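Coordinates from work.cif are shown below (mmCIF, C-alpha atoms).
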```
data_start
loop_
_atom_site.label_atom_id
_atom_site.label_comp_id
_atom_site.auth_asym_id
_atom_site.auth_seq_id
_atom_site.Cartn_x
_atom_site.Cartn_y
_atom_site.Cartn_z
CA MET A 1412 44.02 -15.98 10.47
CA SER A 1413 42.31 -19.22 9.42
CA THR A 1414 40.77 -19.63 5.99
CA ALA A 1415 37.32 -20.12 7.56
CA ALA A 1416 37.60 -16.87 9.52
CA GLU A 1417 38.78 -15.00 6.43
CA THR A 1418 35.81 -16.31 4.47
CA ILE A 1419 33.37 -15.19 7.15
CA ILE A 1420 34.92 -11.72 7.49
CA ASN A 1421 35.03 -11.23 3.71
CA SER A 1422 31.41 -12.33 3.45
CA VAL A 1423 30.35 -9.80 6.10
CA ILE A 1424 32.30 -7.06 4.33
CA GLU A 1425 30.64 -7.93 1.01
CA LEU A 1426 27.22 -8.02 2.62
CA THR A 1427 27.61 -4.61 4.23
CA GLU A 1428 28.77 -3.04 0.96
CA GLN A 1429 25.41 -3.59 -0.71
CA ARG A 1430 23.00 -0.70 -1.22
CA GLN A 1431 20.36 -2.31 -3.43
CA LEU A 1432 17.77 -4.89 -2.45
CA LYS A 1433 18.59 -7.41 -5.17
CA SER A 1434 22.35 -7.32 -4.62
CA LEU A 1435 21.80 -7.50 -0.87
CA ALA A 1436 19.77 -10.70 -1.24
CA GLU A 1437 22.25 -12.20 -3.69
CA SER A 1438 25.12 -11.43 -1.34
CA LEU A 1439 23.42 -13.23 1.53
CA VAL A 1440 22.72 -16.29 -0.61
CA SER A 1441 26.36 -16.35 -1.72
CA THR A 1442 27.48 -16.03 1.91
CA MET A 1443 25.29 -18.95 2.99
CA LYS A 1444 26.67 -21.20 0.26
CA GLN A 1445 30.31 -20.30 1.00
CA THR A 1446 30.01 -20.67 4.76
CA PHE A 1447 27.84 -23.74 5.23
CA CYS A 1448 27.38 -27.13 3.61
CA ILE A 1449 23.86 -26.59 2.33
CA SER A 1450 21.91 -28.04 -0.57
CA ASP A 1451 19.42 -25.22 -1.02
CA VAL A 1452 18.67 -21.70 0.19
CA ALA A 1453 15.77 -19.41 -0.59
CA PHE A 1454 13.74 -16.45 0.59
CA VAL A 1455 10.05 -16.93 1.24
CA ASN A 1456 7.88 -13.86 0.84
CA VAL A 1457 5.33 -13.18 3.57
CA ASP A 1458 2.23 -11.11 2.89
CA SER A 1459 3.07 -7.54 3.76
CA LYS A 1460 2.56 -3.97 2.70
CA ILE A 1461 6.11 -3.83 1.40
CA HIS A 1462 6.42 -4.18 -2.36
CA PHE A 1463 9.33 -6.51 -3.08
CA PRO A 1464 8.83 -8.31 -6.40
CA VAL A 1465 9.44 -12.05 -6.26
CA LYS A 1466 11.46 -12.00 -9.46
CA LEU A 1467 14.09 -9.82 -7.77
CA LEU A 1468 14.75 -12.49 -5.18
CA PRO A 1469 17.38 -15.13 -6.04
CA GLY A 1470 15.51 -18.33 -6.77
CA GLY A 1471 12.16 -16.62 -6.53
CA ASP A 1472 9.46 -17.55 -4.06
CA LYS A 1473 10.17 -21.26 -3.69
CA PHE A 1474 6.96 -22.25 -1.95
CA ASN A 1475 3.28 -21.57 -2.20
CA HIS A 1476 1.05 -21.88 0.83
CA SER A 1477 0.19 -25.52 0.16
CA THR A 1478 3.81 -26.69 -0.14
CA MET A 1479 5.39 -24.48 2.49
CA PRO A 1480 7.50 -26.54 4.94
CA ASP A 1481 6.27 -26.76 8.51
CA CYS A 1482 9.38 -25.00 9.80
CA VAL A 1483 8.58 -21.94 7.64
CA ARG A 1484 4.98 -21.82 8.85
CA GLN A 1485 6.10 -22.12 12.46
CA CYS A 1486 8.79 -19.48 11.95
CA ILE A 1487 6.18 -17.04 10.62
CA ASP A 1488 3.69 -17.82 13.39
CA ASP A 1489 6.20 -17.67 16.26
CA LYS A 1490 8.52 -14.97 14.81
CA ARG A 1491 11.57 -17.02 15.80
CA PRO A 1492 14.13 -19.34 14.14
CA VAL A 1493 12.98 -22.94 13.73
CA ALA A 1494 15.17 -25.97 12.93
CA ILE A 1495 13.70 -29.38 12.11
CA GLU A 1496 14.44 -32.62 10.27
CA GLU A 1497 11.94 -33.39 7.53
CA ASN A 1498 12.01 -36.07 4.82
CA GLY A 1499 15.67 -36.89 5.53
CA ASN A 1500 16.79 -33.25 5.27
CA PHE A 1501 17.73 -30.72 7.90
CA MET A 1502 15.93 -27.40 7.53
CA VAL A 1503 16.34 -24.05 9.23
CA ALA A 1504 13.95 -21.11 8.90
CA VAL A 1505 14.98 -17.66 10.18
CA PRO A 1506 12.54 -14.72 10.21
CA ILE A 1507 13.42 -11.37 8.64
CA LEU A 1508 11.57 -8.68 10.56
CA MET A 1509 10.52 -5.15 9.73
CA GLN A 1510 8.82 -3.05 12.41
CA GLY A 1511 8.17 -6.21 14.40
CA ALA A 1512 6.45 -8.05 11.54
CA VAL A 1513 7.85 -11.03 9.61
CA VAL A 1514 8.24 -9.84 6.02
CA LYS A 1515 10.45 -12.69 4.77
CA VAL A 1516 11.87 -16.00 5.90
CA LEU A 1517 15.37 -17.19 5.12
CA TRP A 1518 15.04 -20.93 4.50
CA VAL A 1519 18.05 -23.24 4.37
CA GLN A 1520 18.14 -26.96 3.63
CA ALA A 1521 21.19 -29.10 4.40
CA PRO A 1522 21.97 -32.79 3.86
CA GLU A 1523 22.96 -33.10 7.51
CA ALA A 1524 22.22 -31.26 10.73
CA LEU A 1525 23.96 -27.94 11.35
CA ASN A 1526 25.65 -27.79 14.75
CA GLU A 1527 24.89 -25.10 17.32
CA HIS A 1528 27.75 -22.89 16.18
CA GLN A 1529 26.64 -23.09 12.54
CA GLN A 1530 23.05 -22.27 13.46
CA PHE A 1531 24.29 -19.32 15.51
CA MET A 1532 26.29 -18.07 12.52
CA LEU A 1533 23.26 -18.51 10.27
CA ARG A 1534 21.10 -16.46 12.62
CA SER A 1535 23.81 -13.82 12.93
CA PHE A 1536 24.11 -13.43 9.14
CA ALA A 1537 20.34 -13.17 8.93
CA ARG A 1538 20.34 -10.38 11.54
CA ILE A 1539 23.06 -8.47 9.65
CA TYR A 1540 21.01 -8.87 6.50
CA GLU A 1541 17.87 -7.76 8.31
CA ASN A 1542 19.53 -4.56 9.53
CA PHE A 1543 20.79 -3.62 6.08
CA PHE A 1544 17.56 -4.78 4.48
CA ASN A 1545 15.69 -2.22 6.57
CA ILE A 1546 18.20 0.53 5.72
CA VAL A 1547 18.16 -0.18 1.98
CA LEU A 1548 14.42 -0.72 1.89
CA ASP A 1549 13.87 2.58 3.64
CA SER A 1550 15.97 4.36 1.01
CA GLU A 1551 14.26 2.64 -1.96
CA THR A 1552 10.61 2.73 -0.94
CA ASP A 1553 8.04 5.46 -0.53
CA SER A 1554 7.28 6.11 3.13
CA LEU A 1555 3.54 6.69 2.59
CA THR A 1556 2.60 3.83 0.26
CA GLY A 1557 5.41 1.28 0.62
CA LEU A 1558 5.87 1.25 -3.17
CA LEU A 1559 9.30 1.57 -4.74
CA ASN A 1560 10.42 5.20 -5.07
CA LYS A 1561 12.07 7.26 -7.79
CA LYS A 1562 15.53 6.53 -6.39
CA ALA A 1563 15.01 2.82 -6.98
CA PHE A 1564 13.65 3.27 -10.49
CA TYR A 1565 16.79 3.07 -12.63
CA SER A 1566 18.45 0.12 -10.89
CA GLN A 1567 15.23 -1.90 -10.65
CA VAL A 1568 14.21 -1.25 -14.25
CA ALA A 1569 17.71 -2.10 -15.48
CA THR A 1570 17.56 -5.39 -13.57
CA ALA A 1571 14.15 -6.25 -15.01
CA MET A 1572 15.22 -5.34 -18.53
CA GLU A 1573 18.06 -7.87 -18.38
CA GLN A 1574 15.42 -10.48 -19.05
CA GLU A 1575 14.77 -11.50 -22.64
CA SER A 1576 12.22 -9.37 -24.44
CA GLY A 1577 9.77 -10.72 -26.96
CA THR A 1578 8.50 -13.46 -24.65
CA VAL A 1579 5.93 -15.57 -26.48
CA GLN A 1580 2.41 -15.25 -25.09
CA LEU A 1581 -0.70 -17.17 -26.13
CA ALA A 1582 -3.30 -14.59 -27.14
CA ASP A 1583 -7.07 -15.01 -26.83
CA ASN A 1584 -7.32 -15.88 -30.52
CA GLY A 1585 -5.14 -18.94 -29.99
CA HIS A 1586 -2.15 -17.55 -31.88
CA SER A 1587 1.23 -16.92 -30.29
CA GLU A 1588 2.12 -13.27 -30.03
CA PRO A 1589 5.21 -11.59 -28.57
CA GLY A 1590 4.90 -10.11 -25.13
CA TYR A 1591 6.78 -6.96 -24.18
CA PHE A 1592 7.60 -4.94 -21.10
CA TRP A 1593 5.38 -1.88 -20.81
CA LEU A 1594 6.29 1.26 -18.89
CA VAL A 1595 3.21 3.12 -17.72
CA ILE A 1596 2.85 6.50 -16.02
CA PHE A 1597 -0.39 7.60 -14.43
CA ASP A 1598 -1.70 10.18 -12.02
CA VAL A 1599 -4.96 10.81 -10.20
CA ASP A 1600 -7.20 13.13 -12.17
CA LYS A 1601 -7.67 16.57 -10.60
CA PHE A 1602 -5.74 15.51 -7.52
CA LYS A 1603 -4.79 19.09 -6.66
CA LYS A 1604 -8.48 19.95 -6.50
CA ILE A 1605 -9.05 16.98 -4.18
CA ASN A 1606 -6.30 18.26 -1.87
CA ASP A 1607 -7.53 21.86 -2.02
CA THR A 1608 -11.15 20.85 -1.40
CA PHE A 1609 -10.81 18.17 1.26
CA GLY A 1610 -7.28 18.63 2.65
CA HIS A 1611 -3.98 16.79 2.39
CA LEU A 1612 -4.91 14.09 4.89
CA TYR A 1613 -7.78 13.04 2.66
CA GLY A 1614 -5.46 13.28 -0.34
CA ASP A 1615 -3.00 10.93 1.39
CA GLU A 1616 -5.85 8.51 2.07
CA ILE A 1617 -6.68 8.46 -1.64
CA LEU A 1618 -3.02 7.81 -2.50
CA LEU A 1619 -2.93 4.88 -0.07
CA LEU A 1620 -6.09 3.43 -1.59
CA VAL A 1621 -4.59 3.80 -5.07
CA ALA A 1622 -1.36 2.07 -3.97
CA ASN A 1623 -3.29 -0.78 -2.35
CA THR A 1624 -5.35 -1.19 -5.52
CA MET A 1625 -2.13 -1.34 -7.55
CA ALA A 1626 -0.88 -4.20 -5.36
CA GLU A 1627 -4.17 -6.04 -5.89
CA ILE A 1628 -4.49 -5.60 -9.66
CA PHE A 1629 -0.91 -5.85 -10.92
CA ASP A 1630 1.16 -9.03 -10.76
CA GLU A 1631 3.86 -9.46 -8.13
CA SER A 1632 6.35 -9.57 -11.01
CA ASP A 1633 5.39 -6.02 -12.04
CA LEU A 1634 7.40 -3.14 -10.56
CA LEU A 1635 5.29 -0.50 -8.84
CA PHE A 1636 6.64 2.99 -8.10
CA ARG A 1637 5.43 6.22 -6.59
CA PHE A 1638 7.50 9.09 -7.94
CA GLY A 1639 5.93 11.68 -5.64
CA GLY A 1640 2.64 13.50 -5.27
CA ASP A 1641 0.01 11.63 -7.26
CA GLU A 1642 2.47 10.40 -9.91
CA PHE A 1643 2.87 6.63 -10.18
CA VAL A 1644 4.89 4.43 -12.54
CA VAL A 1645 4.49 0.73 -13.38
CA LEU A 1646 6.89 -1.48 -15.28
CA MET A 1647 4.62 -4.31 -16.44
CA SER A 1648 6.21 -7.71 -17.00
CA PRO A 1649 5.94 -9.13 -20.55
CA ARG A 1650 2.44 -9.04 -22.01
CA THR A 1651 0.90 -8.45 -25.40
CA LYS A 1652 -0.40 -4.93 -25.92
CA ALA A 1653 -3.98 -6.19 -25.69
CA GLU A 1654 -3.24 -7.91 -22.39
CA ALA A 1655 -1.49 -4.82 -21.03
CA ARG A 1656 -4.41 -2.61 -22.04
CA ALA A 1657 -6.90 -4.97 -20.40
CA VAL A 1658 -4.97 -4.93 -17.10
CA LEU A 1659 -4.71 -1.13 -17.14
CA GLN A 1660 -8.39 -0.69 -17.90
CA GLY A 1661 -9.23 -3.14 -15.14
CA PHE A 1662 -7.12 -1.04 -12.79
CA GLN A 1663 -8.98 2.10 -13.85
CA GLN A 1664 -12.29 0.41 -13.13
CA ALA A 1665 -11.04 -0.64 -9.69
CA ILE A 1666 -9.90 2.93 -8.97
CA ALA A 1667 -13.28 4.30 -10.03
CA GLY A 1668 -14.89 1.92 -7.54
CA ILE A 1669 -12.91 3.19 -4.54
CA LYS A 1670 -15.33 3.88 -1.72
CA ASN A 1671 -14.94 7.24 -0.05
CA ASP A 1672 -17.11 9.50 2.07
CA LYS A 1673 -16.90 12.41 -0.37
CA LEU A 1674 -19.01 12.94 -3.47
CA TRP A 1675 -16.00 12.54 -5.70
CA GLN A 1676 -15.27 9.64 -8.02
CA VAL A 1677 -11.58 8.87 -8.25
CA THR A 1678 -10.24 8.39 -11.79
CA CYS A 1679 -6.78 8.23 -13.30
CA SER A 1680 -5.17 8.95 -16.68
CA MET A 1681 -2.52 6.57 -18.02
CA GLY A 1682 0.18 6.71 -20.68
CA GLY A 1683 2.30 3.72 -21.69
CA VAL A 1684 5.20 2.77 -23.92
CA ASN A 1685 6.72 -0.49 -25.15
CA ALA A 1686 9.83 -0.82 -22.98
CA SER A 1687 11.41 -3.98 -24.40
CA GLY A 1688 14.83 -3.45 -25.90
CA ALA A 1689 15.09 0.11 -24.61
CA GLU A 1690 18.51 1.27 -23.47
CA ASN A 1691 17.58 4.49 -21.69
CA PRO A 1692 14.85 4.45 -19.01
CA SER A 1693 14.74 8.27 -19.14
CA ASP A 1694 13.57 8.14 -22.76
CA LEU A 1695 10.85 5.71 -21.78
CA LEU A 1696 9.64 8.08 -19.08
CA VAL A 1697 9.46 10.96 -21.52
CA GLN A 1698 7.55 8.93 -24.11
CA ALA A 1699 5.09 7.53 -21.57
CA ASP A 1700 4.59 11.02 -20.19
CA ARG A 1701 3.78 12.32 -23.68
CA ALA A 1702 1.06 9.69 -23.96
CA LEU A 1703 -0.21 10.63 -20.49
CA TYR A 1704 -0.25 14.33 -21.44
CA TYR A 1705 -2.30 13.49 -24.52
CA VAL A 1706 -4.88 11.63 -22.40
CA LYS A 1707 -5.15 14.54 -19.95
CA GLU A 1708 -5.73 16.92 -22.85
CA HIS A 1709 -8.42 14.70 -24.36
CA GLY A 1710 -10.84 13.90 -21.59
CA ARG A 1711 -8.79 12.13 -18.91
CA ALA A 1712 -9.63 8.70 -17.38
CA GLN A 1713 -8.28 6.83 -20.41
CA VAL A 1714 -5.29 4.68 -21.45
CA ALA A 1715 -3.06 5.64 -24.39
CA PHE A 1716 0.07 3.97 -25.76
CA TYR A 1717 2.82 6.10 -27.25
CA CYS A 1718 3.21 3.82 -30.29
CA ASP A 1719 -0.50 4.09 -31.15
CA LEU A 1720 -0.47 7.89 -30.89
CA LEU A 1721 2.55 8.05 -33.19
CA GLU A 1722 0.90 5.79 -35.76
CA GLN A 1723 -2.26 7.87 -35.64
CA GLY A 1724 -0.30 11.10 -36.03
CA GLU A 1725 -1.74 12.47 -32.81
CA LEU A 1726 1.66 13.48 -31.43
CA ALA A 1727 3.08 14.96 -34.65
CA ASN A 1728 2.27 18.55 -33.74
CA ALA A 1729 1.35 18.03 -30.11
CA HIS A 1730 2.44 20.64 -27.62
CA PHE A 1731 4.49 18.92 -24.92
CA ASP A 1732 5.80 20.18 -21.64
CA ASP A 1733 7.97 17.62 -19.90
CA ASP A 1734 6.96 17.94 -16.24
CA ILE A 1735 8.65 14.73 -15.05
CA GLU A 1736 11.42 15.27 -12.55
CA LEU A 1737 14.05 12.83 -13.75
CA PHE A 1738 16.81 13.88 -11.38
#
```
Do you think you could lay out the structure here as structure tokens?
Amino acid sequence: MSTAAETIINSVIELTEQRQLKSLAESLVSTMKQTFCISDVAFVNVDSKIHFPVKLLPGGDKFNHSTMPDCVRQCIDDKRPVAIEENGNFMVAVPILMQGAVVKVLWVQAPEALNEHQQFMLRSFARIYENFFNIVLDSETDSLTGLLNKKAFYSQVATAMEQESGTVQLADNGHSEPGYFWLVIFDVDKFKKINDTFGHLYGDEILLLVANTMAEIFDESDLLFRFGGDEFVVLMSPRTKAEARAVLQGFQQAIAGIKNDKLWQVTCSMGGVNASGAENPSDLLVQADRALYYVKEHGRAQVAFYCDLLEQGELANAHFDDDIELF
């Protein structure tokens, strides 16, 4: 067997071994670089319901709408591979589809034109990736909201936490302050009563509106999860505590403004914990849940941080029932 054939077969084997979104994307990028003479390769995110944080893609989202190459735009519009020469470079854009919609574009740039066989191989690798992308995505996302699910929590949080903590942020007072990851748990206040009063279909509609509001308010670098029922989790990318609180309160205001045809204002209670430097995500869940429990016992529709409650002595003798299903 030729060396080229061995490389291709080994690349396919490696690609099909992946079961996580990040490793799947990294494997495809590695395959492209080993198989073809290319100068650059990237994924381009396309607006979609699917939550797939940019920071989990190798190389990130290389283009914004104003700098997006024509071949990528045409690929999105026509839902088909496009190959063009532009500014002395050869570019190929291949769509990644989910349920008939383009959710990503695989973009490749080469110093010289790829021949027909190479373009065929590129499209074939993209289709293999697309098939496994759909399988893995289905296993790591919530079917109702499209957010990441509990199964994805540990691997995704571990990946995010590999970044350096203590990122320097410029606060409103002009002084540099450290920014930290924040793990936040929240649920919809009195959601069981909403379900019991108006039915589960209406409850699902509320959950969808909450999830859509999360996607609007939080950054694309934040990780958004639905653990089940009305329980949601957010891993916020590095911010100061004041910045994190402001975002969470803004989210609560947006939730309270959800329009619905029932005389029922939607509110949520939130508990958060500083997640930077943590080694055990399970401990973070428990601590954030303690803060959430405190909020629910003291009026609901508020934000509380675990560190503040400890400093204030509010949790010293607090009764706590851990109702999070970790496994």
If the PyMOL selection byres ((chain A and resi 1658) around 12) is run on the structure shown, which residues does it catch, given as a compact mmCIF listing (two decimals) with C-alpha atoms, in the frame of the given file?
```txt
# COMPACT_ATOMS: atom_id res chain seq x y z
CA TRP A 1593 5.38 -1.88 -20.81
CA VAL A 1595 3.21 3.12 -17.72
CA MET A 1625 -2.13 -1.34 -7.55
CA GLU A 1627 -4.17 -6.04 -5.89
CA ILE A 1628 -4.49 -5.60 -9.66
CA PHE A 1629 -0.91 -5.85 -10.92
CA ASP A 1630 1.16 -9.03 -10.76
CA ASP A 1633 5.39 -6.02 -12.04
CA VAL A 1645 4.49 0.73 -13.38
CA MET A 1647 4.62 -4.31 -16.44
CA SER A 1648 6.21 -7.71 -17.00
CA ARG A 1650 2.44 -9.04 -22.01
CA THR A 1651 0.90 -8.45 -25.40
CA LYS A 1652 -0.40 -4.93 -25.92
CA ALA A 1653 -3.98 -6.19 -25.69
CA GLU A 1654 -3.24 -7.91 -22.39
CA ALA A 1655 -1.49 -4.82 -21.03
CA ARG A 1656 -4.41 -2.61 -22.04
CA ALA A 1657 -6.90 -4.97 -20.40
CA LEU A 1659 -4.71 -1.13 -17.14
CA GLN A 1660 -8.39 -0.69 -17.90
CA GLY A 1661 -9.23 -3.14 -15.14
CA PHE A 1662 -7.12 -1.04 -12.79
CA GLN A 1663 -8.98 2.10 -13.85
CA GLN A 1664 -12.29 0.41 -13.13
CA ALA A 1665 -11.04 -0.64 -9.69
CA MET A 1681 -2.52 6.57 -18.02
CA VAL A 1714 -5.29 4.68 -21.45
```
If you count all atoms listed in the file, the residue of A:Asn1685, A:Gln1723, A:Thr1556, A:Ser1693 closest to A:Phe1636 turns out to be A:Thr1556
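Going from atom CA of A:Phe1531 to atom CA of A:Ser1550 covers 29.0 Å.
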Residue nearest A:Val1516 among A:Asp1694, A:Asp1549, A:Asp1719, A:Glu1541 (counting all atoms listed in the file)
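Of A:Asp1694, A:Asp1549, A:Asp1719, A:Glu1541, the one nearest A:Val1516 is A:Glu1541, counting all atoms listed in the file.
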Query raised in the report: Between A:Ala1622, A:Gly1724, A:Gly1614, A:Ser1687, which is the closest to A:Phe1592 once you count all atoms listed in the file?
Result: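 Of all the options, A:Ser1687 lies closest to A:Phe1592.
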Considering only C-alpha atoms, can you say which of A:Ile1617, A:Ala1524, A:Leu1517, A:Leu1594 comes closest to A:Glu1497?
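Counting only C-alpha atoms, the residue closest to A:Glu1497 is A:Ala1524.
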